[in-house]
>>> print(open('entry-v9.cif').read())   # mmCIF, C-alpha atoms
data_coords
loop_
_atom_site.label_atom_id
_atom_site.label_comp_id
_atom_site.auth_asym_id
_atom_site.auth_seq_id
_atom_site.Cartn_x
_atom_site.Cartn_y
_atom_site.Cartn_z
CA GLU A 1 0.00 0.00 0.00
CA ALA A 2 1.31 3.44 -0.97
CA GLN A 3 1.73 5.46 2.17
CA VAL A 4 3.62 7.94 4.28
CA THR A 5 4.50 6.59 7.71
CA GLN A 6 5.28 8.84 10.67
CA ASN A 7 6.54 7.81 14.08
CA PRO A 8 5.81 8.33 16.85
CA ARG A 9 2.11 9.13 16.52
CA TYR A 10 1.98 10.57 20.02
CA LEU A 11 4.78 11.88 22.20
CA ILE A 12 4.99 13.77 25.44
CA THR A 13 8.44 15.11 26.25
CA VAL A 14 10.14 17.78 28.34
CA THR A 15 11.82 21.02 27.38
CA GLY A 16 15.32 20.56 26.00
CA LYS A 17 15.24 16.82 25.40
CA LYS A 18 16.21 16.18 21.79
CA LEU A 19 13.74 14.21 19.75
CA THR A 20 13.31 12.97 16.20
CA VAL A 21 10.07 12.34 14.35
CA THR A 22 10.64 9.91 11.52
CA CYS A 23 8.92 10.02 8.16
CA SER A 24 9.16 7.38 5.46
CA GLN A 25 7.40 7.02 2.10
CA ASN A 26 7.27 3.99 -0.19
CA MET A 27 6.24 5.75 -3.41
CA ASN A 28 9.66 6.86 -4.68
CA HIS A 29 8.56 10.49 -4.39
CA GLU A 30 11.09 13.25 -4.93
CA TYR A 31 9.32 15.92 -2.88
CA MET A 32 8.85 15.65 0.89
CA SER A 33 7.71 18.22 3.40
CA TRP A 34 6.91 18.79 7.06
CA TYR A 35 3.98 20.85 8.32
CA ARG A 36 2.65 21.81 11.68
CA GLN A 37 -1.01 22.38 12.38
CA ASP A 38 -2.14 24.62 15.21
CA PRO A 39 -5.66 25.77 16.10
CA GLY A 40 -6.53 28.97 14.25
CA LEU A 41 -3.27 28.98 12.28
CA GLY A 42 -4.00 26.35 9.68
CA LEU A 43 -1.18 24.36 8.12
CA ARG A 44 2.30 25.89 8.17
CA GLN A 45 5.27 24.48 6.33
CA ILE A 46 8.44 23.86 8.35
CA TYR A 47 10.90 22.43 5.81
CA TYR A 48 10.70 20.79 2.43
CA SER A 49 12.98 18.78 0.18
CA MET A 50 12.92 18.55 -3.58
CA ASN A 51 15.25 15.54 -3.62
CA VAL A 52 18.08 13.77 -1.81
CA GLU A 53 20.48 16.22 -0.16
CA VAL A 54 18.28 19.19 -1.18
CA THR A 55 16.34 20.86 1.64
CA ASP A 56 14.82 24.33 2.02
CA LYS A 57 13.20 26.32 4.78
CA GLY A 58 9.46 26.72 4.83
CA ASP A 59 7.51 29.35 6.69
CA VAL A 60 8.38 28.35 10.27
CA PRO A 61 11.79 26.59 10.33
CA GLU A 62 13.09 28.00 13.62
CA GLY A 63 13.88 25.31 16.17
CA TYR A 64 13.78 22.47 13.65
CA LYS A 65 16.27 20.57 11.53
CA VAL A 66 15.80 18.07 8.74
CA SER A 67 17.94 15.83 6.60
CA ARG A 68 17.38 13.94 3.35
CA LYS A 69 20.09 11.32 3.04
CA GLU A 70 17.83 8.79 1.35
CA LYS A 71 14.94 9.38 -0.97
CA ARG A 72 12.39 7.60 1.19
CA ASN A 73 13.21 9.18 4.58
CA PHE A 74 12.83 12.73 5.82
CA PRO A 75 13.22 12.96 9.62
CA LEU A 76 12.30 16.06 11.59
CA ILE A 77 14.67 16.86 14.42
CA LEU A 78 13.94 19.06 17.41
CA GLU A 79 17.35 19.65 18.99
CA SER A 80 16.01 21.44 22.07
CA PRO A 81 12.22 21.32 22.12
CA SER A 82 10.28 24.13 23.76
CA PRO A 83 6.60 24.33 24.76
CA ASN A 84 5.79 26.50 21.72
CA GLN A 85 6.61 23.48 19.57
CA THR A 86 3.65 21.61 21.02
CA SER A 87 1.65 20.87 17.91
CA LEU A 88 0.31 18.33 15.44
CA TYR A 89 2.93 17.52 12.82
CA PHE A 90 2.36 16.12 9.35
CA CYS A 91 4.82 14.72 6.88
CA ALA A 92 3.83 14.60 3.22
CA SER A 93 5.34 13.55 -0.09
CA SER A 94 4.69 14.04 -3.79
CA PRO A 95 6.21 13.34 -7.17
CA ALA A 96 7.83 16.47 -8.62
CA ARG A 97 6.67 16.19 -12.18
CA ASP A 98 5.74 18.74 -14.79
CA ARG A 99 3.00 20.96 -13.45
CA GLY A 100 0.56 20.02 -16.19
CA SER A 101 0.82 16.29 -15.60
CA GLY A 102 -1.64 16.34 -12.73
CA ALA A 103 0.65 13.96 -10.87
CA ASN A 104 1.76 16.39 -8.20
CA VAL A 105 -0.56 15.32 -5.42
CA LEU A 106 0.57 15.40 -1.81
CA THR A 107 0.15 12.24 0.21
CA PHE A 108 0.05 12.90 3.94
CA GLY A 109 1.01 10.82 6.92
CA ALA A 110 -1.46 10.28 9.75
CA GLY A 111 0.16 12.93 11.94
CA SER A 112 2.30 13.07 15.07
CA ARG A 113 0.94 14.84 18.10
CA LEU A 114 3.79 16.29 20.13
CA THR A 115 3.49 17.81 23.59
CA VAL A 116 6.46 19.59 25.13
CA LEU A 117 6.16 20.25 28.85
CA GLY B 1 4.12 35.99 -3.82
CA ASP B 2 1.88 32.99 -4.26
CA SER B 3 -0.91 32.51 -1.74
CA VAL B 4 -4.31 30.98 -1.09
CA THR B 5 -7.18 32.64 0.76
CA GLN B 6 -10.24 30.72 1.85
CA MET B 7 -13.29 31.67 3.83
CA GLU B 8 -13.05 31.43 7.57
CA GLY B 9 -15.14 28.95 9.44
CA PRO B 10 -16.66 27.25 11.07
CA VAL B 11 -19.48 26.70 8.63
CA THR B 12 -22.50 25.01 10.16
CA LEU B 13 -25.16 23.50 7.91
CA SER B 14 -28.08 21.17 8.25
CA GLU B 15 -28.01 17.85 6.45
CA GLU B 16 -28.98 18.13 2.74
CA ALA B 17 -28.11 21.83 2.60
CA PHE B 18 -26.04 23.32 -0.23
CA LEU B 19 -22.38 23.97 0.53
CA THR B 20 -20.02 26.58 -0.86
CA ILE B 21 -16.55 27.20 0.54
CA ASN B 22 -14.80 30.07 -1.19
CA CYS B 23 -11.18 29.93 -2.25
CA THR B 24 -9.20 32.53 -4.15
CA TYR B 25 -5.56 32.47 -5.08
CA THR B 26 -2.63 34.62 -6.11
CA ALA B 27 -0.05 33.06 -8.39
CA THR B 28 1.97 33.81 -11.49
CA GLY B 29 1.20 31.76 -14.55
CA TYR B 30 -1.07 28.75 -14.28
CA PRO B 31 -0.92 26.92 -10.95
CA SER B 32 -2.49 23.56 -10.22
CA LEU B 33 -5.32 23.80 -7.67
CA PHE B 34 -6.46 21.33 -5.04
CA TRP B 35 -8.96 20.74 -2.28
CA TYR B 36 -7.85 18.54 0.60
CA VAL B 37 -10.07 17.24 3.40
CA GLN B 38 -9.14 16.37 6.96
CA TYR B 39 -11.58 14.19 8.88
CA PRO B 40 -11.42 14.29 12.68
CA GLY B 41 -8.26 12.64 14.01
CA GLU B 42 -6.83 11.96 10.58
CA GLY B 43 -4.29 13.38 8.13
CA LEU B 44 -5.20 15.37 5.04
CA GLN B 45 -6.31 13.54 1.92
CA LEU B 46 -6.90 14.76 -1.59
CA LEU B 47 -10.53 15.52 -2.36
CA LEU B 48 -10.22 16.90 -5.90
CA LYS B 49 -7.90 18.80 -8.19
CA ALA B 50 -7.71 20.83 -11.41
CA THR B 51 -4.61 21.55 -13.45
CA LYS B 52 -5.74 24.13 -16.02
CA ALA B 53 -8.24 26.91 -16.49
CA ASP B 54 -11.92 25.84 -16.78
CA ASP B 55 -11.12 22.34 -15.52
CA LYS B 56 -13.70 20.98 -13.09
CA GLY B 57 -12.53 18.64 -10.37
CA SER B 58 -15.10 16.38 -8.77
CA ASN B 59 -15.23 13.62 -6.18
CA LYS B 60 -17.76 12.27 -3.65
CA GLY B 61 -20.36 14.79 -4.84
CA PHE B 62 -18.02 17.75 -4.37
CA GLU B 63 -17.07 19.97 -7.30
CA ALA B 64 -14.76 22.91 -7.93
CA THR B 65 -14.05 24.79 -11.15
CA TYR B 66 -10.71 26.45 -11.93
CA ARG B 67 -11.64 30.06 -12.80
CA LYS B 68 -8.65 31.94 -14.17
CA GLU B 69 -10.58 35.18 -14.72
CA THR B 70 -11.61 35.41 -11.06
CA THR B 71 -8.59 33.46 -9.66
CA SER B 72 -11.00 31.24 -7.75
CA PHE B 73 -11.56 27.56 -7.01
CA HIS B 74 -14.70 27.45 -4.88
CA LEU B 75 -15.79 24.11 -3.42
CA GLU B 76 -19.46 23.14 -3.77
CA LYS B 77 -21.71 20.27 -2.88
CA GLY B 78 -25.40 20.10 -3.56
CA SER B 79 -26.48 18.13 -0.49
CA VAL B 80 -24.15 17.70 2.46
CA GLN B 81 -24.23 14.78 4.87
CA VAL B 82 -23.20 14.50 8.50
CA SER B 83 -20.23 12.42 7.31
CA ASP B 84 -18.92 15.48 5.39
CA SER B 85 -18.07 17.19 8.68
CA ALA B 86 -14.35 17.90 8.40
CA VAL B 87 -11.81 20.63 7.77
CA TYR B 88 -11.34 21.59 4.10
CA PHE B 89 -8.12 23.09 2.76
CA CYS B 90 -7.64 24.81 -0.57
CA ALA B 91 -4.11 24.54 -2.00
CA LEU B 92 -2.02 25.35 -5.05
CA ILE B 93 1.26 24.44 -6.69
CA PRO B 94 2.83 27.23 -8.78
CA TYR B 95 3.70 26.52 -12.40
CA ASN B 96 7.38 26.08 -11.49
CA PHE B 97 6.60 23.63 -8.65
CA ASN B 98 8.67 25.03 -5.85
CA LYS B 99 6.27 24.27 -3.01
CA PHE B 100 2.65 23.73 -2.08
CA TYR B 101 0.65 26.65 -0.68
CA PHE B 102 -2.30 25.96 1.62
CA GLY B 103 -5.19 28.08 2.76
CA SER B 104 -5.97 28.32 6.46
CA GLY B 105 -8.68 25.66 6.36
CA THR B 106 -12.45 25.86 6.79
CA LYS B 107 -14.18 23.69 9.34
CA LEU B 108 -17.54 22.31 8.24
CA ASN B 109 -20.07 21.05 10.76
CA VAL B 110 -23.12 19.28 9.38
CA LYS B 111 -26.00 18.72 11.79
CA PRO B 112 -28.64 16.00 11.38
#
>>> encode(input="entry-v9.cif", output="structure tokens")
Amino acid sequence: EAQVTQNPRYLITVTGKKLTVTCSQNMNHEYMSWYRQDPGLGLRQIYYSMNVEVTDKGDVPEGYKVSRKEKRNFPLILESPSPNQTSLYFCASSPARDRGSGANVLTFGAGSRLTVL
Amino acid sequence: GDSVTQMEGPVTLSEEAFLTINCTYTATGYPSLFWYVQYPGEGLQLLLKATKADDKGSNKGFEATYRKETTSFHLEKGSVQVSDSAVYFCALIPYNFNKFYFGSGTKLNVKP
């Protein structure tokens, strides 16, 4: 089954304790991205990657790191989490084809709910 | 820059009512346009899409038409059901595919 898998789905941690949220896709997609969703603020992009070893900042990158060493994996790293990073996080992937092909559809993971105390 | 603006919610309707959720966009050239839906406790999933002007995307009774002249992609459904209660996001990819742009989401509540 084609899917984007995030882990963990739920995590409660404390301020300053480094954590990694993993994201893996089995569709050979070039494009991967991380979003956070907060009440009243919609979906905000944290980082995205157009391909292996190519990453770019989104709208809210502060406090986060990413890496893209393999095509299928795109982990999100919080080096020193703070309470304002409490949120629902989504990973998503897409082919990066010609715009007119209609193939550029984002597939989302189920989400990771993170609480930082 | 590129952006998507959609109507604020929540929108509350009775079952079988007509639904419209407005979405307008700003983009250079011809973006691809999407509606995504997020059911409670789940991730976002594609509802429908359109890749060129005058295209109509449709799925599960929902429709949206790509209007270049009004830069709009409004979501409509003729008769909503309780099971349509969800958050709906309008989105676009610019013609040069650098990133996806999402609207702020509109929560729909459908009452029996």
>>> closest_atom_pairs(input="entry-v9.cif", of="chain A", to="chain B", cutoff="12 Å", atoms="all atoms listed in the file", output="Markdown table")
| residue | atom | partner | partner_atom | distance |
| --- | --- | --- | --- | --- |
| A:Gln3 | CA | B:Gln45 | CA | 11.4 |
| A:Val4 | CA | B:Gly43 | CA | 10.3 |
| A:Thr5 | CA | B:Gly43 | CA | 11.1 |
| A:Gln6 | CA | B:Gly43 | CA | 10.9 |
| A:Arg9 | CA | B:Glu42 | CA | 11.1 |
| A:Glu30 | CA | B:Phe97 | CA | 11.9 |
| A:Tyr31 | CA | B:Lys99 | CA | 8.9 |
| A:Met32 | CA | B:Lys99 | CA | 9.8 |
| A:Ser33 | CA | B:Lys99 | CA | 8.9 |
| A:Trp34 | CA | B:Phe100 | CA | 11.2 |
| A:Tyr35 | CA | B:Phe102 | CA | 10.5 |
| A:Arg36 | CA | B:Gly43 | CA | 11.5 |
| A:Gln37 | CA | B:Ser104 | CA | 9.7 |
| A:Asp38 | CA | B:Ser104 | CA | 10.2 |
| A:Pro39 | CA | B:Ser104 | CA | 10.0 |
| A:Gly40 | CA | B:Ser104 | CA | 7.8 |
| A:Leu41 | CA | B:Ser104 | CA | 6.4 |
| A:Gly42 | CA | B:Ser104 | CA | 4.3 |
| A:Leu43 | CA | B:Ser104 | CA | 6.4 |
| A:Arg44 | CA | B:Phe102 | CA | 8.0 |
| A:Gln45 | CA | B:Tyr101 | CA | 8.7 |
| A:Ile46 | CA | B:Lys99 | CA | 11.6 |
| A:Tyr47 | CA | B:Lys99 | CA | 10.1 |
| A:Tyr48 | CA | B:Lys99 | CA | 7.8 |
| A:Ser49 | CA | B:Lys99 | CA | 9.2 |
| A:Met50 | CA | B:Asn98 | CA | 8.1 |
| A:Asn51 | CA | B:Asn98 | CA | 11.8 |
| A:Thr55 | CA | B:Asn98 | CA | 11.5 |
| A:Asp56 | CA | B:Lys99 | CA | 9.9 |
| A:Lys57 | CA | B:Lys99 | CA | 10.6 |
| A:Gly58 | CA | B:Lys99 | CA | 8.8 |
| A:Asp59 | CA | B:Tyr101 | CA | 10.4 |
| A:Leu88 | CA | B:Gly43 | CA | 10.0 |
| A:Tyr89 | CA | B:Gly43 | CA | 9.6 |
| A:Phe90 | CA | B:Gly43 | CA | 7.3 |
| A:Cys91 | CA | B:Gly43 | CA | 9.3 |
| A:Ala92 | CA | B:Leu44 | CA | 9.2 |
| A:Ser93 | CA | B:Phe100 | CA | 10.7 |
| A:Ser94 | CA | B:Phe100 | CA | 10.0 |
| A:Pro95 | CA | B:Phe97 | CA | 10.4 |
| A:Ala96 | CA | B:Phe97 | CA | 7.3 |
| A:Arg97 | CA | B:Phe97 | CA | 8.2 |
| A:Asp98 | CA | B:Phe97 | CA | 7.9 |
| A:Arg99 | CA | B:Tyr95 | CA | 5.7 |
| A:Gly100 | CA | B:Thr51 | CA | 6.0 |
| A:Ser101 | CA | B:Thr51 | CA | 7.9 |
| A:Gly102 | CA | B:Thr51 | CA | 6.0 |
| A:Ala103 | CA | B:Thr51 | CA | 9.6 |
| A:Asn104 | CA | B:Ile93 | CA | 8.2 |
| A:Val105 | CA | B:Leu46 | CA | 7.4 |
| A:Leu106 | CA | B:Leu46 | CA | 7.5 |
| A:Thr107 | CA | B:Gln45 | CA | 6.8 |
| A:Phe108 | CA | B:Leu44 | CA | 5.9 |
| A:Gly109 | CA | B:Gly43 | CA | 6.0 |
| A:Ala110 | CA | B:Gly43 | CA | 4.5 |
| A:Gly111 | CA | B:Gly43 | CA | 5.9 |
| A:Ser112 | CA | B:Gly43 | CA | 9.6 |
| A:Arg113 | CA | B:Gly41 | CA | 10.3 |
>>> residues_around(input="entry-v9.cif", residues="Phe73 (chain B)", least_positions_apart="3", cutoff="6 Å", atoms="only C-alpha atoms", output="ChimeraX atom specification")
/B:23,64-66
>>> atom_distance(input="entry-v9.cif", atom1="CA of Val37 (chain B)", atom2="CA of Glu69 (chain B)")
25.5 Å
>>> resolve_selection(input="entry-v9.cif", expression="the PyMOL selection byres ((chain B and resi 82) around 12)", output="PyMOL selection string")
chain B and resi 12-17+39+79-81+83-86+108-112
>>> atom_distance(input="entry-v9.cif", atom1="CA of Leu19 (chain B)", atom2="CA of Asp55 (chain B)")
19.7 Å
>>> residues_around(input="entry-v9.cif", residues="Ala27 (chain B)", least_positions_apart="2", cutoff="7 Å", atoms="all atoms listed in the file", output="MDAnalysis selection string")
chainID B and resid 1:3 25 29 31 94
>>> atom_distance(input="entry-v9.cif", atom1="CA of Lys107 (chain B)", atom2="CA of Pro83 (chain A)")
25.9 Å
>>> residues_around(input="entry-v9.cif", residues="Asn7 (chain A)", least_positions_apart="6", cutoff="7 Å", atoms="only C-alpha atoms", output="list in words")
Val21, Thr22, Cys23 and Ser112 of chain A
>>> resolve_selection(input="entry-v9.cif", expression="the PyMOL selection byres ((chain A and resi 66) around 6)", output="VMD selection string")
chain A and resid 65 67 75 to 77
>>> axis_aligned_box(input="entry-v9.cif", around="region 44-50 of chain A", padding_each_side="8 Å", output="AutoDock Vina command-line options")
--center_x 7.6 --center_y 22.2 --center_z 2.4 --size_x 26.7 --size_y 23.3 --size_z 27.9
>>> closest_residue(input="entry-v9.cif", among="A:Leu78, A:Leu117, A:Ala2, A:Val52", to="Tyr64 (chain A)", atoms="all atoms listed in the file")
A:Leu78
>>> decode(input="entry-v9.cif", residues="region 46-62 of chain A", atoms="N, CA and C atoms", output="PDB file, in the first residue's frame")
ATOM      1  N   ILE A  46       7.222  23.707   7.547  1.00  0.00           N
ATOM      2  CA  ILE A  46       8.438  23.857   8.352  1.00  0.00           C
ATOM      3  C   ILE A  46       9.670  23.773   7.453  1.00  0.00           C
ATOM      4  N   TYR A  47       9.816  22.665   6.764  1.00  0.00           N
ATOM      5  CA  TYR A  47      10.896  22.434   5.812  1.00  0.00           C
ATOM      6  C   TYR A  47      10.343  21.591   4.670  1.00  0.00           C
ATOM      7  N   TYR A  48      11.025  21.681   3.526  1.00  0.00           N
ATOM      8  CA  TYR A  48      10.700  20.791   2.433  1.00  0.00           C
ATOM      9  C   TYR A  48      11.965  20.374   1.705  1.00  0.00           C
ATOM     10  N   SER A  49      11.827  19.331   0.903  1.00  0.00           N
ATOM     11  CA  SER A  49      12.978  18.784   0.183  1.00  0.00           C
ATOM     12  C   SER A  49      12.540  18.380  -1.208  1.00  0.00           C
ATOM     13  N   MET A  50      13.257  18.877  -2.196  1.00  0.00           N
ATOM     14  CA  MET A  50      12.919  18.548  -3.579  1.00  0.00           C
ATOM     15  C   MET A  50      13.562  17.230  -4.027  1.00  0.00           C
ATOM     16  N   ASN A  51      14.621  16.811  -3.303  1.00  0.00           N
ATOM     17  CA  ASN A  51      15.245  15.536  -3.624  1.00  0.00           C
ATOM     18  C   ASN A  51      16.326  15.253  -2.593  1.00  0.00           C
ATOM     19  N   VAL A  52      17.024  14.151  -2.755  1.00  0.00           N
ATOM     20  CA  VAL A  52      18.078  13.767  -1.814  1.00  0.00           C
ATOM     21  C   VAL A  52      19.110  14.882  -1.707  1.00  0.00           C
ATOM     22  N   GLU A  53      19.478  15.202  -0.476  1.00  0.00           N
ATOM     23  CA  GLU A  53      20.475  16.225  -0.155  1.00  0.00           C
ATOM     24  C   GLU A  53      20.041  17.646  -0.527  1.00  0.00           C
ATOM     25  N   VAL A  54      18.779  17.852  -0.856  1.00  0.00           N
ATOM     26  CA  VAL A  54      18.276  19.191  -1.179  1.00  0.00           C
ATOM     27  C   VAL A  54      17.136  19.526  -0.224  1.00  0.00           C
ATOM     28  N   THR A  55      17.384  20.459   0.698  1.00  0.00           N
ATOM     29  CA  THR A  55      16.335  20.865   1.639  1.00  0.00           C
ATOM     30  C   THR A  55      16.240  22.382   1.664  1.00  0.00           C
ATOM     31  N   ASP A  56      15.046  22.886   1.967  1.00  0.00           N
ATOM     32  CA  ASP A  56      14.817  24.328   2.024  1.00  0.00           C
ATOM     33  C   ASP A  56      13.877  24.660   3.166  1.00  0.00           C
ATOM     34  N   LYS A  57      14.057  25.866   3.700  1.00  0.00           N
ATOM     35  CA  LYS A  57      13.201  26.317   4.782  1.00  0.00           C
ATOM     36  C   LYS A  57      11.809  26.635   4.259  1.00  0.00           C
ATOM     37  N   GLY A  58      10.829  26.304   5.105  1.00  0.00           N
ATOM     38  CA  GLY A  58       9.463  26.716   4.827  1.00  0.00           C
ATOM     39  C   GLY A  58       9.160  28.011   5.544  1.00  0.00           C
ATOM     40  N   ASP A  59       7.945  28.114   6.053  1.00  0.00           N
ATOM     41  CA  ASP A  59       7.506  29.352   6.690  1.00  0.00           C
ATOM     42  C   ASP A  59       7.920  29.462   8.152  1.00  0.00           C
ATOM     43  N   VAL A  60       8.082  28.335   8.831  1.00  0.00           N
ATOM     44  CA  VAL A  60       8.378  28.353  10.273  1.00  0.00           C
ATOM     45  C   VAL A  60       9.489  27.370  10.609  1.00  0.00           C
ATOM     46  N   PRO A  61      10.721  27.579  10.128  1.00  0.00           N
ATOM     47  CA  PRO A  61      11.789  26.594  10.329  1.00  0.00           C
ATOM     48  C   PRO A  61      12.514  26.680  11.671  1.00  0.00           C
ATOM     49  N   GLU A  62      12.295  27.780  12.408  1.00  0.00           N
ATOM     50  CA  GLU A  62      13.090  28.001  13.617  1.00  0.00           C
ATOM     51  C   GLU A  62      12.855  26.885  14.632  1.00  0.00           C
TER      52      GLU A  62
END
